[in-house]
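Shown here: input07.txt, compact mmCIF, C-alpha atoms.
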# COMPACT_ATOMS: atom_id res chain seq x y z
CA MET A 282 85.94 71.30 130.63
CA SER A 283 86.47 70.45 127.03
CA TYR A 284 83.58 69.38 124.90
CA MET A 285 84.07 65.64 124.83
CA ARG A 286 80.78 64.44 123.43
CA ARG A 287 81.54 62.35 120.41
CA ILE A 288 79.89 62.95 117.09
CA SER A 289 77.49 60.03 116.82
CA SER A 290 76.62 60.38 113.17
CA LEU A 291 78.50 62.17 110.45
CA ASP A 292 75.28 62.48 108.43
CA LYS A 293 74.16 65.15 110.85
CA ILE A 294 77.22 67.28 110.22
CA TYR A 295 76.79 69.79 107.44
CA HIS A 296 79.66 70.51 105.12
CA PHE A 297 80.25 72.95 102.31
CA LYS A 298 82.31 72.53 99.17
CA THR A 299 84.23 75.60 98.15
CA GLU A 300 87.04 76.41 95.83
CA MET A 301 89.84 78.88 96.26
CA GLU A 302 88.71 81.99 94.39
CA ILE A 303 92.21 82.87 93.22
CA ASN A 304 92.85 82.67 89.44
CA ALA A 305 96.58 82.20 89.32
CA TYR A 306 99.80 83.09 91.05
CA HIS A 307 102.48 84.87 89.03
CA TYR A 308 105.89 84.16 90.50
CA THR A 309 109.01 85.93 89.38
CA ALA A 310 112.30 84.15 89.84
CA GLY A 311 114.49 87.09 90.90
CA PRO A 312 117.58 88.47 89.11
CA ILE A 313 119.59 85.22 89.00
CA GLY A 314 116.62 82.88 88.67
CA THR A 315 115.31 84.83 85.70
CA ARG A 316 118.64 84.52 83.88
CA TRP A 317 118.75 80.83 84.74
CA LEU A 318 115.26 80.35 83.28
CA GLU A 319 116.27 82.30 80.18
CA ALA A 320 119.16 79.84 79.76
CA LEU A 321 116.68 76.95 80.07
CA LYS A 322 114.62 78.62 77.37
CA ASN A 323 117.71 78.41 75.16
CA GLY A 324 118.03 74.74 76.00
CA GLU A 325 120.89 75.08 78.45
CA LEU A 326 121.09 73.89 82.05
CA LYS A 327 123.33 76.28 83.96
CA VAL A 328 124.49 76.59 87.57
CA ALA A 329 125.02 79.65 89.75
CA LYS A 330 128.61 80.45 90.70
CA CYS A 331 129.76 82.44 93.70
CA ASN A 332 132.55 84.87 92.82
CA LYS A 333 133.90 84.96 96.36
CA CYS A 334 134.22 81.31 97.37
CA GLY A 335 133.81 79.71 93.98
CA THR A 336 130.93 77.44 95.03
CA ARG A 337 128.85 76.31 92.08
CA PHE A 338 125.33 75.48 93.13
CA LEU A 339 121.77 74.60 92.17
CA PRO A 340 119.04 75.80 92.28
CA PRO A 341 120.34 79.30 91.53
CA LYS A 342 119.91 81.86 94.27
CA LEU A 343 120.93 85.48 94.71
CA TYR A 344 123.04 84.62 97.75
CA CYS A 345 125.66 81.91 98.05
CA PRO A 346 124.42 79.14 100.39
CA LYS A 347 127.95 78.75 101.81
CA CYS A 348 129.41 82.26 102.24
CA PHE A 349 126.24 84.36 101.84
CA SER A 350 127.85 86.75 99.38
CA GLU A 351 125.89 88.05 96.44
CA VAL A 352 125.94 85.92 93.32
CA SER A 353 125.85 87.39 89.83
CA GLU A 354 127.30 84.68 87.62
CA LEU A 355 125.94 81.63 85.86
CA GLU A 356 128.13 78.91 84.46
CA SER A 357 127.43 76.22 81.88
CA ILE A 358 127.68 72.56 82.83
CA SER A 359 127.48 69.46 80.68
CA GLY A 360 124.07 68.61 82.12
CA GLU A 361 125.03 65.06 82.95
CA GLY A 362 124.13 64.21 86.51
CA TYR A 363 123.31 61.31 88.75
CA ILE A 364 120.31 60.21 90.79
CA ASP A 365 120.89 60.85 94.48
CA THR A 366 117.48 59.63 95.61
CA TYR A 367 114.16 58.93 93.96
CA SER A 368 110.55 58.04 94.51
CA VAL A 369 108.20 56.08 92.25
CA ILE A 370 104.73 57.62 92.29
CA TYR A 371 101.64 55.65 91.36
CA TYR A 372 98.90 58.06 92.41
CA ASN A 373 98.24 61.60 91.21
CA ASP A 374 97.49 64.67 93.34
CA SER A 375 93.83 63.78 93.72
CA GLY A 376 94.64 60.25 94.83
CA GLU A 377 93.69 58.46 91.60
CA ARG A 378 95.89 55.67 90.26
CA MET A 379 97.81 56.78 87.19
CA SER A 380 98.10 54.59 84.09
CA GLU A 381 101.89 54.86 84.28
CA PRO A 382 104.00 55.55 87.36
CA VAL A 383 106.08 58.72 87.49
CA ILE A 384 109.59 58.77 88.94
CA ILE A 385 110.64 61.91 90.78
CA ALA A 386 114.32 62.13 91.63
CA LEU A 387 116.80 64.43 93.27
CA ILE A 388 119.43 64.88 90.59
CA ARG A 389 122.89 66.03 91.56
CA PHE A 390 125.80 67.00 89.37
CA GLU A 391 129.50 66.30 89.87
CA GLY A 392 131.15 69.18 91.77
CA ILE A 393 127.89 71.12 92.18
CA TYR A 394 126.47 71.97 95.57
CA GLY A 395 122.74 71.15 95.73
CA GLY A 396 120.72 69.72 92.89
CA ILE A 397 117.32 69.77 91.26
CA ILE A 398 114.24 67.66 91.65
CA HIS A 399 112.78 66.45 88.38
CA ARG A 400 111.07 63.59 86.58
CA VAL A 401 113.12 60.65 85.34
CA LYS A 402 111.81 58.58 82.47
CA THR A 403 112.84 54.97 82.75
CA ASP A 404 111.52 51.60 83.87
CA PRO A 405 110.81 51.80 87.63
CA LYS A 406 112.38 48.34 87.96
CA LYS A 407 115.66 49.50 86.44
CA ILE A 408 116.13 52.72 88.36
CA ARG A 409 118.88 52.83 90.98
CA ILE A 410 120.72 55.38 93.06
CA GLY A 411 123.82 56.62 91.31
CA MET A 412 122.34 56.09 87.86
CA ARG A 413 123.71 58.63 85.39
CA VAL A 414 121.10 60.84 83.70
CA LYS A 415 120.88 63.75 81.28
CA PRO A 416 118.11 66.29 80.61
CA VAL A 417 115.76 66.04 77.64
CA PHE A 418 114.41 69.42 76.60
CA ARG A 419 111.02 70.12 75.09
CA ARG A 420 110.74 71.57 71.63
CA ASP A 421 108.55 74.51 72.75
CA LYS A 422 110.34 76.17 75.63
CA LYS A 423 108.91 79.04 77.64
CA GLY A 424 111.48 79.63 80.37
CA SER A 425 110.41 77.22 83.06
CA ILE A 426 111.84 74.22 84.89
CA ASP A 427 109.26 72.29 82.86
CA ASP A 428 111.23 73.10 79.69
CA ILE A 429 113.16 70.00 80.70
CA GLU A 430 110.59 67.34 79.89
CA TYR A 431 112.42 64.70 81.90
CA PHE A 432 115.85 63.27 82.63
CA GLN A 433 116.79 60.08 80.87
CA PRO A 434 119.45 57.52 81.74
CA ILE A 435 122.71 57.66 79.83
CA GLU A 436 123.34 54.28 78.23
CA MET B 42 117.47 95.12 85.74
CA SER B 43 119.55 96.42 88.61
CA ILE B 44 120.38 94.54 91.77
CA HIS B 45 119.69 96.66 94.82
CA LYS B 46 121.53 96.30 98.08
CA LEU B 47 118.27 96.13 100.00
CA GLY B 48 114.61 95.77 99.26
CA GLY B 49 114.70 93.27 96.42
CA THR B 50 114.36 94.12 92.76
CA PRO B 51 111.51 96.46 91.92
CA LEU B 52 109.77 95.81 88.61
CA SER B 53 107.63 98.25 86.68
CA ASP B 54 104.33 97.02 85.23
CA GLU B 55 105.95 96.82 81.80
CA GLU B 56 108.90 94.81 83.10
CA PHE B 57 106.57 92.53 85.01
CA LYS B 58 104.63 91.79 81.83
CA LYS B 59 107.77 90.92 79.88
CA ILE B 60 109.71 88.96 82.48
CA ILE B 61 109.68 85.15 82.64
CA LYS B 62 107.15 84.06 85.22
CA GLU B 63 105.96 80.84 86.70
CA ILE B 64 102.17 80.96 86.50
CA THR B 65 100.28 78.41 88.55
CA ARG B 66 96.69 78.04 89.53
CA PRO B 67 96.30 76.24 92.83
CA ASN B 68 93.92 73.33 92.64
CA ALA B 69 92.56 74.17 96.05
CA LYS B 70 89.20 72.65 96.85
CA TYR B 71 87.89 72.81 100.35
CA LEU B 72 85.36 70.71 102.17
CA MET B 73 84.43 72.74 105.19
CA SER B 74 82.68 71.09 108.05
CA ALA B 75 80.12 73.17 109.86
CA GLY B 76 80.75 71.37 113.14
CA GLN B 77 78.18 70.17 115.65
CA ALA B 78 76.46 73.42 116.60
CA TYR B 79 76.39 75.05 113.16
CA SER B 80 75.05 71.81 111.67
CA VAL B 81 72.02 72.10 113.93
CA PHE B 82 71.70 75.76 112.93
CA PHE B 83 71.73 74.97 109.20
CA GLU B 84 69.34 72.09 109.64
CA GLY B 85 67.08 74.57 111.44
CA LEU B 86 67.28 77.02 108.54
CA ARG B 87 66.19 74.26 106.19
CA ARG B 88 63.09 73.85 108.33
CA GLY B 89 62.56 77.61 108.47
CA LYS B 90 63.73 78.06 112.04
CA ILE B 91 66.55 80.08 113.56
CA ILE B 92 68.16 78.08 116.32
CA GLY B 93 70.75 79.12 118.86
CA THR B 94 72.24 78.00 122.14
CA TYR B 95 72.11 79.76 125.47
CA CYS B 96 74.25 79.78 128.56
CA GLU B 97 72.42 78.92 131.73
CA ARG B 98 75.02 80.68 133.80
CA CYS B 99 75.30 84.13 132.21
CA GLY B 100 72.19 84.20 130.04
CA MET B 101 74.05 84.88 126.81
CA ILE B 102 72.31 83.63 123.69
CA TYR B 103 74.33 82.61 120.67
CA VAL B 104 72.94 82.76 117.17
CA PRO B 105 74.53 81.12 115.23
CA PRO B 106 75.06 78.64 118.07
CA LYS B 107 78.31 77.98 119.87
CA ILE B 108 78.98 74.87 121.91
CA PHE B 109 80.79 76.69 124.65
CA CYS B 110 80.33 80.02 126.34
CA PRO B 111 83.46 82.15 125.83
CA TYR B 112 82.52 84.19 128.91
CA CYS B 113 81.98 81.32 131.38
CA PHE B 114 83.90 78.54 129.57
CA THR B 115 80.98 76.23 130.16
CA THR B 116 79.59 73.69 127.75
CA LEU B 117 76.39 74.80 126.07
CA ASP B 118 73.80 72.17 125.23
CA LYS B 119 70.58 74.08 125.74
CA TRP B 120 68.90 75.01 122.48
CA VAL B 121 66.62 77.93 121.88
CA GLU B 122 64.52 78.89 118.90
CA VAL B 123 64.54 82.61 118.26
CA ALA B 124 62.21 84.75 116.15
CA ASP B 125 63.00 85.54 112.52
CA GLU B 126 62.40 89.17 113.37
CA GLY B 127 64.59 91.69 115.10
CA LYS B 128 66.41 94.98 115.05
CA VAL B 129 69.33 96.25 113.00
CA VAL B 130 72.24 96.86 115.35
CA THR B 131 74.66 98.07 112.74
CA ALA B 132 74.71 98.22 108.95
CA VAL B 133 77.04 99.10 106.13
CA ALA B 134 76.66 99.75 102.40
CA SER B 135 79.09 97.60 100.43
CA TYR B 136 80.10 98.15 96.81
CA TYR B 137 81.65 94.70 96.64
CA SER B 138 79.82 91.40 96.49
CA ALA B 139 80.86 88.41 98.57
CA ASN B 140 82.85 87.22 95.52
CA MET B 141 84.84 90.48 95.48
CA GLU B 142 83.08 91.76 92.37
CA ARG B 143 82.48 95.48 92.10
CA LEU B 144 78.77 96.31 92.38
CA LYS B 145 77.03 99.23 90.68
CA GLU B 146 74.39 99.47 93.38
CA PRO B 147 75.57 99.02 96.94
CA GLN B 148 74.40 96.05 98.92
CA ILE B 149 73.29 96.78 102.45
CA VAL B 150 74.51 94.29 105.01
CA GLY B 151 74.15 94.46 108.73
CA ILE B 152 74.09 92.75 112.07
CA ILE B 153 70.62 91.86 113.25
CA LYS B 154 69.70 91.25 116.85
CA LEU B 155 66.79 88.85 116.78
CA ASP B 156 63.90 88.73 119.21
CA VAL B 157 63.85 85.90 121.71
CA PRO B 158 60.44 84.72 122.87
CA GLY B 159 59.87 85.22 126.56
CA ARG B 160 62.69 87.70 126.97
CA THR B 161 62.72 91.47 126.79
CA PHE B 162 65.05 92.99 124.31
CA THR B 163 67.54 94.34 126.85
CA SER B 164 67.59 91.32 129.16
CA TYR B 165 70.01 89.31 127.07
CA ARG B 166 73.23 89.89 125.29
CA PHE B 167 73.27 88.72 121.74
CA PRO B 168 76.02 88.70 119.16
CA GLY B 169 73.54 88.65 116.30
CA LEU B 170 73.30 87.42 112.76
CA LEU B 171 75.09 89.06 109.85
CA HIS B 172 72.95 89.21 106.73
CA ARG B 173 71.80 91.26 103.78
CA ILE B 174 69.16 93.89 104.47
CA CYS B 175 66.69 94.50 101.68
CA GLY B 176 64.33 97.38 101.26
CA ALA B 177 66.91 99.81 102.59
CA SER B 178 68.57 102.51 100.54
CA LEU B 179 72.06 103.94 100.62
CA ASP B 180 70.58 107.07 102.17
CA ASP B 181 69.10 104.99 105.01
CA VAL B 182 72.63 103.89 105.89
CA VAL B 183 74.31 107.26 105.40
CA SER B 184 71.71 109.00 107.53
CA GLN B 185 71.90 106.12 110.05
CA ARG B 186 68.12 105.78 109.82
CA ILE B 187 68.62 102.07 109.32
CA PHE B 188 69.90 101.61 112.85
CA ASP B 189 67.27 100.12 115.13
CA ALA B 190 64.99 99.43 112.15
CA ARG B 191 62.68 96.43 112.56
CA VAL B 192 63.50 93.68 110.11
CA LYS B 193 62.00 90.29 109.29
CA ALA B 194 63.56 87.36 107.47
CA ARG B 195 62.47 86.77 103.88
CA TRP B 196 62.71 83.00 103.51
CA ARG B 197 63.29 81.01 100.39
CA PRO B 198 60.35 78.78 99.47
CA SER B 199 60.68 75.68 101.67
CA GLU B 200 61.28 73.31 98.73
CA GLU B 201 64.26 75.40 97.61
CA ARG B 202 65.98 75.48 100.98
CA LYS B 203 69.31 73.72 101.14
CA GLY B 204 70.39 74.18 104.71
CA ASP B 205 72.70 77.14 104.24
CA ILE B 206 72.64 80.77 105.26
CA ASN B 207 71.07 81.76 101.93
CA ASP B 208 67.89 79.93 102.92
CA ILE B 209 67.14 83.36 104.27
CA GLU B 210 67.25 85.58 101.19
CA CYS B 211 67.59 88.74 103.24
CA PHE B 212 66.12 90.61 106.15
CA GLU B 213 63.41 92.93 104.99
CA VAL B 214 62.85 96.28 106.66
CA ILE B 215 59.32 96.37 108.08
CA LYS B 216 59.55 99.59 110.07
CA THR B 217 62.26 102.22 110.30

What would you get if you wrote out this structure as structure tokens?
Amino acid sequence: MSYMRRISSLDKIYHFKTEMEINAYHYTAGPIGTRWLEALKNGELKVAKCNKCGTRFLPPKLYCPKCFSEVSELESISGEGYIDTYSVIYYNDSGERMSEPVIIALIRFEGIYGGIIHRVKTDPKKIRIGMRVKPVFRRDKKGSIDDIEYFQPIE
Amino acid sequence: MSIHKLGGTPLSDEEFKKIIKEITRPNAKYLMSAGQAYSVFFEGLRRGKIIGTYCERCGMIYVPPKIFCPYCFTTLDKWVEVADEGKVVTAVASYYSANMERLKEPQIVGIIKLDVPGRTFTSYRFPGLLHRICGASLDDVVSQRIFDARVKARWRPSEERKGDINDIECFEVIKT
């Protein structure tokens, strides 16, 4: 009983262009996330640490991903990590070819559960899994993951 | 900032202003297809006609048109042109525009049951068209005088019509 007649011509179908009327979303990061972002603002990449089981993890969350107990501590790390997986992106969000490709990678750190996803600045031909990287911070920081401009390979 | 056992972390307006936030504006653009039946309806509006479909089985008329009858589950492919004149079934005074802006003067909007040539008003069921009603006052709505008022479409000049619902500027009250 379904309506199976095929649309013969798309010209006959009306369409309307609209835009989402929302101005902006304001997200807060929660108690631990806020402190983590404040650390980023000071140019420091920290990890969350569970007091109960000792798991150190990223991204920071209020509850430990392993034992579910409440987390209230952040710990400093050297910031040196490695590329666990990556993707080279040639097209932007609207599908246009970019002048330079962007590399997005999952960056993990030795002894840390989880990791963060961020840009890596290097030649797409030279990138490889396991490559050691470190964060490069922006000069003007505002307390955002974007305060890290990109990760760069350690020579 | 205290960590509560339950219910998250409440923030006062002052705290919310000061706290680090991630502010993003979604780049959300939509291209909405009107579908087969509505496309015919909009094309009709461009030509100054109000077009609907009707169900041969139960007699229901749909304006704007549907391609299936939700009462009989049958396919509808019979078209009917209805009058641009009818009666107000229900109306409301709104202090907000369609873009959620606060209005000083209320806008009267309502559901209009249009006349169908060759049929008496009570011989068909009709979901009706939702549109602005002009020439009605707030008092007309509050006193419910607007109900059952005769209205007629005020069309845009034909060269300005674009094939959307605003090709009808509003329904004008011709007799309360």

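Of the residues under consideration (A:Gly396, A:Pro312, A:Pro382, A:Pro341), A:Gly396 shows the shortest atom-to-atom contact distance to Gly362 of chain A when counting all atoms listed in the file.
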
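Reported to one decimal place, the separation of atom CA of Glu200 of chain B from atom CA of Ala139 of chain B is 24.7 Å.
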
Kindly assemble as CSV a list of the chain A residues that lie within 8 Å of chain B, each paired with its nearest atom pair and their distance in Å to one decimal, using only C-alpha atoms, sorted first by chain and then by ascending residue number.
residue,atom,partner,partner_atom,distance
A:Met282,CA,B:Thr115,CA,7.0
A:Ser283,CA,B:Thr116,CA,7.6
A:Tyr284,CA,B:Thr116,CA,6.5
A:Ile288,CA,B:Gln77,CA,7.6
A:Lys293,CA,B:Ser80,CA,6.8
A:Ile294,CA,B:Ser80,CA,5.2
A:Tyr295,CA,B:Ser80,CA,5.0
A:His296,CA,B:Ser74,CA,4.2
A:Phe297,CA,B:Met73,CA,5.1
A:Lys298,CA,B:Leu72,CA,4.6
A:Thr299,CA,B:Tyr71,CA,5.1
A:Glu300,CA,B:Lys70,CA,4.5
A:Met301,CA,B:Ala69,CA,5.4
A:Glu302,CA,B:Asn140,CA,7.9
A:Ile303,CA,B:Arg66,CA,7.6
A:Asn304,CA,B:Arg66,CA,6.0
A:Ala305,CA,B:Arg66,CA,4.2
A:Tyr306,CA,B:Thr65,CA,5.3
A:His307,CA,B:Ile64,CA,4.7
A:Tyr308,CA,B:Glu63,CA,5.0
A:Thr309,CA,B:Lys62,CA,4.9
A:Ala310,CA,B:Lys62,CA,6.9
A:Gly311,CA,B:Thr50,CA,7.3
A:Pro312,CA,B:Ile44,CA,7.2
A:Thr315,CA,B:Ile61,CA,6.4
A:Leu318,CA,B:Ile61,CA,7.4
A:Glu319,CA,B:Ile61,CA,7.6
A:Lys423,CA,B:Ile61,CA,7.9
A:Gly424,CA,B:Ile61,CA,6.2
A:Ser425,CA,B:Glu63,CA,6.8

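Minimum atom-to-atom distances from B:Asp180, B:Asp189, B:Glu146, B:Asp125 to Lys216 of chain B were compared using all atoms listed in the file, and the lowest value belongs to B:Asp189.
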
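Atom CA of Gly360 of chain A is found 13.7 Å from atom CA of Glu430 of chain A.
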
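For the choices B:Val157, B:Val129, B:Ala134, B:Leu179, the atom-to-atom distance to Val192 of chain B is smallest for B:Val129 when using all atoms listed in the file.
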